[in-house]
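**Student:** See final05.cif below, with mmCIF, C-alpha atoms and all ligand atoms.
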data_input
#
loop_
_atom_site.label_atom_id
_atom_site.label_comp_id
_atom_site.auth_asym_id
_atom_site.auth_seq_id
_atom_site.Cartn_x
_atom_site.Cartn_y
_atom_site.Cartn_z
CA MET A 1367 88.65 200.46 61.14
CA THR A 1368 85.90 198.27 59.71
CA ASP A 1369 85.73 194.50 59.97
CA ALA A 1370 86.67 194.38 56.30
CA VAL A 1371 90.24 195.45 56.92
CA GLN A 1372 90.84 193.19 59.90
CA GLY A 1373 91.43 189.97 57.99
CA ASP A 1374 94.59 187.93 58.36
CA VAL A 1375 97.91 189.11 57.03
CA PRO A 1376 99.03 186.88 54.14
CA ARG A 1377 101.53 184.22 55.11
CA HIS A 1378 103.11 184.15 51.66
CA VAL A 1379 103.35 187.06 49.21
CA ALA A 1380 104.64 186.51 45.66
CA ILE A 1381 105.57 189.45 43.43
CA ILE A 1382 105.99 189.94 39.69
CA MET A 1383 108.36 192.90 39.75
CA ASP A 1384 107.60 194.67 36.49
CA GLY A 1385 108.30 198.12 35.07
CA ASN A 1386 112.03 198.67 35.66
CA GLY A 1387 112.60 199.42 31.98
CA ARG A 1388 109.72 201.90 31.79
CA TRP A 1389 110.87 203.62 34.98
CA ALA A 1390 114.31 204.15 33.43
CA ARG A 1391 112.93 205.22 30.05
CA GLN A 1392 110.68 207.85 31.66
CA ARG A 1393 113.86 209.40 33.09
CA GLY A 1394 116.01 209.03 29.99
CA LEU A 1395 118.20 206.47 31.80
CA ALA A 1396 119.62 203.11 30.74
CA ARG A 1397 117.38 200.12 31.59
CA ILE A 1398 119.92 198.83 34.09
CA LYS A 1399 119.35 201.95 36.20
CA GLY A 1400 115.76 200.78 36.55
CA HIS A 1401 116.93 197.34 37.63
CA GLU A 1402 119.28 198.94 40.17
CA ARG A 1403 116.42 200.92 41.68
CA GLY A 1404 114.37 197.71 41.51
CA ALA A 1405 116.91 196.03 43.77
CA GLU A 1406 116.31 198.85 46.30
CA SER A 1407 112.60 198.06 46.19
CA ILE A 1408 113.39 194.44 47.08
CA ARG A 1409 115.18 195.65 50.21
CA ALA A 1410 112.25 197.87 51.17
CA VAL A 1411 109.69 195.11 50.64
CA LEU A 1412 111.72 192.56 52.57
CA ARG A 1413 111.75 194.96 55.53
CA ALA A 1414 108.05 195.69 55.11
CA CYS A 1415 107.29 191.95 55.18
CA ARG A 1416 109.02 191.77 58.53
CA GLU A 1417 107.00 194.66 59.91
CA PHE A 1418 103.71 193.17 58.73
CA GLY A 1419 104.56 189.64 59.81
CA VAL A 1420 104.63 188.18 56.28
CA LYS A 1421 106.89 185.15 56.64
CA TYR A 1422 107.31 184.13 53.00
CA LEU A 1423 108.27 186.38 50.09
CA THR A 1424 108.82 185.02 46.59
CA LEU A 1425 110.11 187.30 43.83
CA TYR A 1426 110.11 186.77 40.07
CA ALA A 1427 113.64 188.04 39.42
CA ILE A 1428 114.52 186.32 36.12
CA SER A 1429 112.20 184.35 33.90
CA ILE A 1430 113.36 181.75 31.39
CA GLU A 1431 112.20 184.21 28.72
CA ASN A 1432 114.50 186.96 30.09
CA TRP A 1433 117.62 185.30 28.63
CA ILE A 1434 116.70 186.60 25.17
CA ARG A 1435 117.24 190.20 26.31
CA PRO A 1436 120.32 192.01 24.94
CA LYS A 1437 123.52 190.49 26.29
CA PRO A 1438 124.66 193.65 28.17
CA GLU A 1439 121.33 193.80 30.04
CA VAL A 1440 121.54 190.12 31.01
CA LYS A 1441 125.11 190.59 32.17
CA ALA A 1442 124.13 193.66 34.19
CA LEU A 1443 121.29 191.69 35.82
CA MET A 1444 123.74 188.94 36.79
CA ASN A 1445 126.13 191.50 38.29
CA LEU A 1446 123.25 193.07 40.16
CA LEU A 1447 122.23 189.69 41.56
CA VAL A 1448 125.75 189.12 42.88
CA ARG A 1449 125.89 192.62 44.35
CA PHE A 1450 122.48 192.08 45.94
CA LEU A 1451 123.63 188.81 47.54
CA ARG A 1452 126.76 190.42 48.95
CA GLN A 1453 125.01 193.52 50.23
CA GLU A 1454 122.11 191.60 51.75
CA ALA A 1455 124.18 188.92 53.48
CA LYS A 1456 124.22 190.81 56.79
CA GLU A 1457 120.50 191.54 56.61
CA LEU A 1458 119.80 187.86 55.97
CA HIS A 1459 121.93 186.71 58.89
CA ASP A 1460 120.78 189.42 61.32
CA ASN A 1461 117.14 188.62 60.69
CA LYS A 1462 117.47 184.86 60.24
CA ILE A 1463 116.18 184.96 56.69
CA ARG A 1464 116.45 181.77 54.69
CA LEU A 1465 117.22 182.23 51.00
CA ARG A 1466 115.97 179.76 48.42
CA THR A 1467 115.75 179.77 44.65
CA ILE A 1468 113.29 178.22 42.26
CA GLY A 1469 114.01 177.75 38.58
CA ARG A 1470 116.78 176.38 36.39
CA THR A 1471 119.67 177.87 38.33
CA GLU A 1472 122.00 175.67 36.26
CA ASP A 1473 121.42 178.27 33.49
CA LEU A 1474 123.16 180.96 35.57
CA PRO A 1475 126.86 181.74 35.03
CA LYS A 1476 129.04 179.46 37.17
CA GLN A 1477 130.36 182.23 39.41
CA VAL A 1478 126.91 183.64 40.08
CA ARG A 1479 125.65 180.17 40.92
CA LYS A 1480 128.53 179.64 43.31
CA GLU A 1481 127.75 182.84 45.23
CA LEU A 1482 124.10 181.91 45.32
CA LEU A 1483 124.70 178.39 46.61
CA LYS A 1484 126.96 179.79 49.34
CA VAL A 1485 124.23 182.07 50.70
CA ILE A 1486 121.58 179.36 50.33
CA ASP A 1487 123.77 177.00 52.31
CA GLU A 1488 124.68 179.54 55.00
CA THR A 1489 121.04 180.49 55.60
CA SER A 1490 119.54 177.01 55.29
CA GLY A 1491 118.92 176.69 59.03
CA TYR A 1492 117.02 179.98 59.41
CA THR A 1493 113.29 180.18 59.95
CA GLY A 1494 112.74 183.89 60.73
CA GLN A 1495 111.67 184.82 57.21
CA HIS A 1496 111.80 183.02 53.88
CA LEU A 1497 112.99 184.80 50.75
CA THR A 1498 112.74 182.88 47.49
CA LEU A 1499 114.14 184.22 44.24
CA ALA A 1500 112.73 182.82 41.01
CA LEU A 1501 115.75 182.69 38.69
CA SER A 1502 115.52 181.33 35.16
CA TYR A 1503 112.05 180.31 36.22
CA GLY A 1504 109.06 179.19 34.17
CA GLY A 1505 105.84 177.80 35.65
CA ARG A 1506 105.01 175.43 32.80
CA MET A 1507 108.56 174.13 32.83
CA GLU A 1508 108.30 173.49 36.58
CA ILE A 1509 105.13 171.44 36.09
CA ALA A 1510 106.64 169.58 33.13
CA GLN A 1511 109.69 168.59 35.13
CA ALA A 1512 107.43 167.43 37.98
CA ALA A 1513 105.58 165.23 35.48
CA ARG A 1514 108.88 163.85 34.24
CA GLN A 1515 110.00 162.99 37.76
CA LEU A 1516 106.70 161.26 38.47
CA ALA A 1517 107.09 159.26 35.25
CA GLU A 1518 110.57 158.20 36.40
CA LEU A 1519 109.17 157.06 39.75
CA VAL A 1520 106.49 155.01 38.00
CA LYS A 1521 109.03 153.56 35.58
CA SER A 1522 111.28 152.45 38.41
CA GLY A 1523 108.35 150.82 40.24
CA LYS A 1524 108.42 153.26 43.20
CA LEU A 1525 105.00 154.75 42.43
CA GLU A 1526 101.73 153.45 41.01
CA PRO A 1527 99.93 155.70 38.47
CA GLU A 1528 96.85 155.58 40.74
CA GLN A 1529 98.90 157.25 43.48
CA ILE A 1530 99.40 160.40 41.40
CA ASP A 1531 97.19 163.04 42.97
CA GLU A 1532 97.59 166.77 43.66
CA ASN A 1533 99.87 166.13 46.62
CA ALA A 1534 102.10 163.85 44.56
CA VAL A 1535 102.48 166.52 41.86
CA ALA A 1536 103.09 169.29 44.40
CA ALA A 1537 105.80 167.19 46.05
CA GLN A 1538 107.83 167.25 42.81
CA LEU A 1539 107.81 171.07 42.41
CA TYR A 1540 110.99 173.03 43.13
CA GLU A 1541 110.40 173.84 46.81
CA PRO A 1542 107.48 171.72 47.96
CA GLU A 1543 107.72 172.81 51.59
CA LEU A 1544 106.85 176.43 50.77
CA PRO A 1545 103.18 177.20 51.40
CA ASP A 1546 101.16 178.39 48.39
CA PRO A 1547 101.13 182.19 47.97
CA ASP A 1548 98.10 183.90 49.50
CA LEU A 1549 98.68 187.12 47.60
CA LEU A 1550 100.21 187.71 44.17
CA ILE A 1551 101.24 191.31 43.48
CA ARG A 1552 102.10 192.58 40.01
CA THR A 1553 103.46 196.06 39.45
CA SER A 1554 103.23 198.32 36.38
CA GLY A 1555 99.65 197.53 35.50
CA GLU A 1556 99.83 194.43 33.29
CA MET A 1557 96.97 192.00 33.97
CA ARG A 1558 98.99 188.84 33.37
CA VAL A 1559 100.57 186.07 35.42
CA SER A 1560 103.39 185.56 32.89
CA ASN A 1561 104.15 181.91 33.62
CA PHE A 1562 104.80 182.57 37.34
CA LEU A 1563 103.97 179.88 39.93
CA LEU A 1564 101.14 178.52 37.80
CA TRP A 1565 100.41 175.57 40.08
CA GLN A 1566 100.86 177.41 43.37
CA ILE A 1567 98.69 180.50 42.70
CA SER A 1568 95.47 178.52 42.19
CA TYR A 1569 93.76 180.26 45.11
CA ALA A 1570 95.97 183.34 45.49
CA GLU A 1571 94.39 186.77 45.62
CA LEU A 1572 95.63 188.99 42.79
CA TYR A 1573 96.66 192.61 43.28
CA VAL A 1574 97.78 194.66 40.29
CA THR A 1575 99.05 198.21 40.73
CA ASP A 1576 100.08 200.76 38.10
CA VAL A 1577 103.08 201.71 40.24
CA LEU A 1578 106.34 200.71 38.52
CA TRP A 1579 108.53 198.33 40.52
CA PRO A 1580 111.33 200.88 41.28
CA ASP A 1581 108.66 203.12 42.85
CA PHE A 1582 107.14 200.30 44.90
CA GLY A 1583 108.07 200.60 48.57
CA GLU A 1584 106.70 200.15 52.04
CA LYS A 1585 103.70 202.42 51.49
CA GLU A 1586 102.65 200.55 48.34
CA PHE A 1587 103.19 197.21 50.06
CA ALA A 1588 101.00 198.37 52.94
CA GLY A 1589 98.30 199.25 50.39
CA ALA A 1590 98.43 195.76 48.91
CA ILE A 1591 98.18 194.14 52.34
CA GLU A 1592 95.24 196.34 53.30
CA ASP A 1593 93.47 195.41 50.07
CA TYR A 1594 94.16 191.72 50.68
CA ARG A 1595 92.75 191.92 54.20
CA SER A 1596 89.48 193.27 52.84
CA ARG A 1597 89.03 190.25 50.56
CA ASP A 1598 86.62 187.44 51.31
CA ARG A 1599 88.59 184.29 50.57
CA ARG A 1600 86.32 181.33 49.96
CA PHE A 1601 88.64 178.87 48.19
CA GLY A 1602 85.79 177.86 45.87
CA GLY A 1603 83.26 177.38 48.71
CA HIS A 1604 80.03 179.38 49.11
CA GLU A 1605 80.28 180.82 52.63
C1 LIG A 1701 110.98 193.67 34.96
O1 LIG A 1701 111.19 194.94 34.44
C2 LIG A 1701 112.04 193.25 35.83
C3 LIG A 1701 112.98 192.30 35.56
C4 LIG A 1701 113.05 191.58 34.28
C5 LIG A 1701 114.04 191.92 36.48
C6 LIG A 1701 113.74 192.07 37.94
C7 LIG A 1701 114.98 192.48 38.58
C8 LIG A 1701 115.10 193.34 39.61
C9 LIG A 1701 113.95 193.90 40.33
C10 LIG A 1701 116.40 193.85 40.07
C11 LIG A 1701 117.46 192.85 40.15
C12 LIG A 1701 117.44 192.12 41.38
C13 LIG A 1701 117.97 190.91 41.48
C14 LIG A 1701 117.93 190.22 42.79
C15 LIG A 1701 118.56 190.25 40.31
P1 LIG A 1701 111.25 195.13 32.88
O2 LIG A 1701 112.67 195.31 32.51
O3 LIG A 1701 110.54 194.02 32.18
O4 LIG A 1701 110.46 196.49 32.74
P2 LIG A 1701 109.61 197.00 31.48
O5 LIG A 1701 108.48 196.01 31.32
O6 LIG A 1701 109.15 198.34 31.92
O7 LIG A 1701 110.55 197.02 30.33
#
For the structure just supplied, provide its representation as structure tokens.
Ligand code: FPP
**Tutor:**
Amino acid sequence: MTDAVQGDVPRHVAIIMDGNGRWARQRGLARIKGHERGAESIRAVLRACREFGVKYLTLYAISIENWIRPKPEVKALMNLLVRFLRQEAKELHDNKIRLRTIGRTEDLPKQVRKELLKVIDETSGYTGQHLTLALSYGGRMEIAQAARQLAELVKSGKLEPEQIDENAVAAQLYEPELPDPDLLIRTSGEMRVSNFLLWQISYAELYVTDVLWPDFGEKEFAGAIEDYRSRDRRFGGHE
């Protein structure tokens, strides 16, 4: 092994899980079959994170733009989310994994939200691993709502405009205690960040693979980590 692959393991990995539809189409299956296999990939990656010592995993599960998909697909995604929560409950408890969400979860159907809040509450004391699902999430919207909250604080006299710095903005994001992602993975080859964690990925390393999300498993995750460890992260500095 060379020095190049001995860098630190990322603390926080964020993933844009793309390509479920294409995976299904290539096999002549309904899109939902791709999403179902995509849920399996989530399980595999969560396990792989544990093996590699990656403490934080954040997944782009549903964007605010996804609501315009055909109604049956949206409904199937909601059902899949509920099934995922039920099936993963034991895994979360056994491994002390804390579940969080970011996004406008108030947009989710009431029953789905209820199930979600239950698991979030039950796992809120865990620190073994941190799984965050972005649900009805949009990065620009997150920053806009942070700006609105800061404006409210100024209006009510609790904050001076001069006190608004990067830390003050970051403190108003959905889950301010999560560290920024070190590595952002996108599957299925698109070179875009698609409105995901716009503030938080400022210094993240990007890794794009042509592999479609349902085919992404432990081996592919290991490849991304190895690539990350060979990077020279300078955070804008020279050395
Ligand atoms: C992108 O594939 C994926 C999504 C829009 C949803 C991600 C959902 C899962 C991985 C499974 C569900 C899991 C939970 C926890 C809800 P795409 O449909 O945009 O693929 P395409 O670009 O090939 O059409």
**Student:** Could the residues that lie within 6 Å of ligand LIG 1701 (chain A), counting only C-alpha atoms and all ligand atoms, be listed as number ranges by chain?
**Tutor:** A: 1383-1388, 1401-1402, 1404-1405, 1427-1428, 1443, 1446-1447, 1450
**Student:** Interatomic distance between CA of Glu1584 (chain A) and CA of Phe1601 (chain A)?
**Tutor:**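 Distance reported for this atom pair: 28.2 Å.
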**Student:** Go through A:Leu1564, A:Leu1458, A:Cys1415, A:Val1574 and flag the residue nearest Ile1551 (chain A), using all atoms listed in the file for the distances.
**Tutor:**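 Counting all atoms listed in the file, the residue closest to Ile1551 (chain A) is A:Val1574.
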**Student:** Grab the CA of His1459 (chain A) to CA of Glu1586 (chain A) distance for me, in Å with one decimal place.
**Tutor:** 26.0 Å
**Student:** Can you tell me which residues surround Pro1527 (chain A) at a distance of at most 9 Å, considering only C-alpha atoms, apart from same-chain residues fewer than 3 positions away, and format the answer as a ChimeraX atom specification?
**Tutor:** /A:1516-1517,1520,1530
**Student:** Could you work out how far CA of Glu1571 (chain A) lies from CA of Tyr1492 (chain A), giving the answer in Å with one decimal?
**Tutor:**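 These two atoms are separated by 27.4 Å.
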**Student:** Fewer than 5 positions away in the same chain doesn't count, so skip those; otherwise give me all residues within 12 Å of Lys1476 (chain A), counting only C-alpha atoms, as a ChimeraX atom specification.
**Tutor:** /A:1444,1448,1471,1481-1483
**Student:** Set the distance at 12 Å and use only C-alpha atoms: which residues neighbour Thr1553 (chain A) once local chain neighbours fewer than 6 positions away are removed? I'd like the list as an MDAnalysis selection string.
**Tutor:** chainID A and resid 1380:1386 1388:1389 1404 1407 1425:1426 1559 1572:1583 1586:1587 1590
**Student:** Counting only C-alpha atoms, which residue out of A:Arg1409, A:Arg1470, A:Arg1479, A:Arg1449 sits closest to Gly1504 (chain A)?
**Tutor:**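 Answer, going by the shortest atom-to-atom distance: A:Arg1470.
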**Student:** Have a look at A:Glu1508, A:Ala1534, A:Pro1438, A:Arg1464 and name the one nearest to Glu1488 (chain A); count all atoms listed in the file.
**Tutor:**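 The answer is A:Arg1464, which sits nearest to Glu1488 (chain A).
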**Student:** In the coordinates of the file, take the point (107.3, 179.3, 32.9) and a cut-off of 8 Å; then, counting all atoms listed in the file, name each qualifying protein, DNA or RNA residue as a PyMOL selection string.
**Tutor:** chain A and resi 1429-1430+1503-1508+1560-1564
**Student:** Name the closest residue to Ile1398 (chain A) among the candidates A:Lys1441, A:Pro1376, A:Trp1433, A:Arg1413; distances are taken between atoms, counting all atoms listed in the file.
**Tutor:**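 For Ile1398 (chain A), the nearest of the given residues is A:Lys1441.
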**Student:** Fewer than 3 positions away in the same chain doesn't count, so skip those; otherwise give me all residues within 9 Å of Ile1463 (chain A), counting only C-alpha atoms, as a ChimeraX atom specification.
**Tutor:** /A:1457-1460,1489-1490,1492-1497
**Student:** Determine the nearest neighbour of Leu1544 (chain A) from the options A:Val1379, A:Leu1501, A:Ala1512, A:Leu1519, counting all atoms listed in the file.
**Tutor:**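 For Leu1544 (chain A), the nearest of the given residues is A:Val1379.
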**Student:** Box for region 1386-1405 of chain A - axis-aligned, 8 Å on each of the six sides, all listed atoms - centre and size in Å to one decimal, as lines of an AutoDock Vina configuration file.
**Tutor:**
center_x = 114.8
center_y = 202.7
center_z = 36.9
size_x = 26.2
size_y = 29.4
size_z = 29.8
**Student:** Of the candidates A:Arg1377, A:Arg1595, A:Lys1399, A:Lys1585, which one gets nearest to Ala1442 (chain A) if we count all atoms listed in the file?
**Tutor:** A:Lys1399
**Student:** Which neighbours of Ala1570 (chain A) fall inside 8 Å, counting all atoms listed in the file, when residues of the same chain fewer than 5 positions from it are skipped, and could you give them as an NGL selection string?
**Tutor:** :A and (1546-1550)
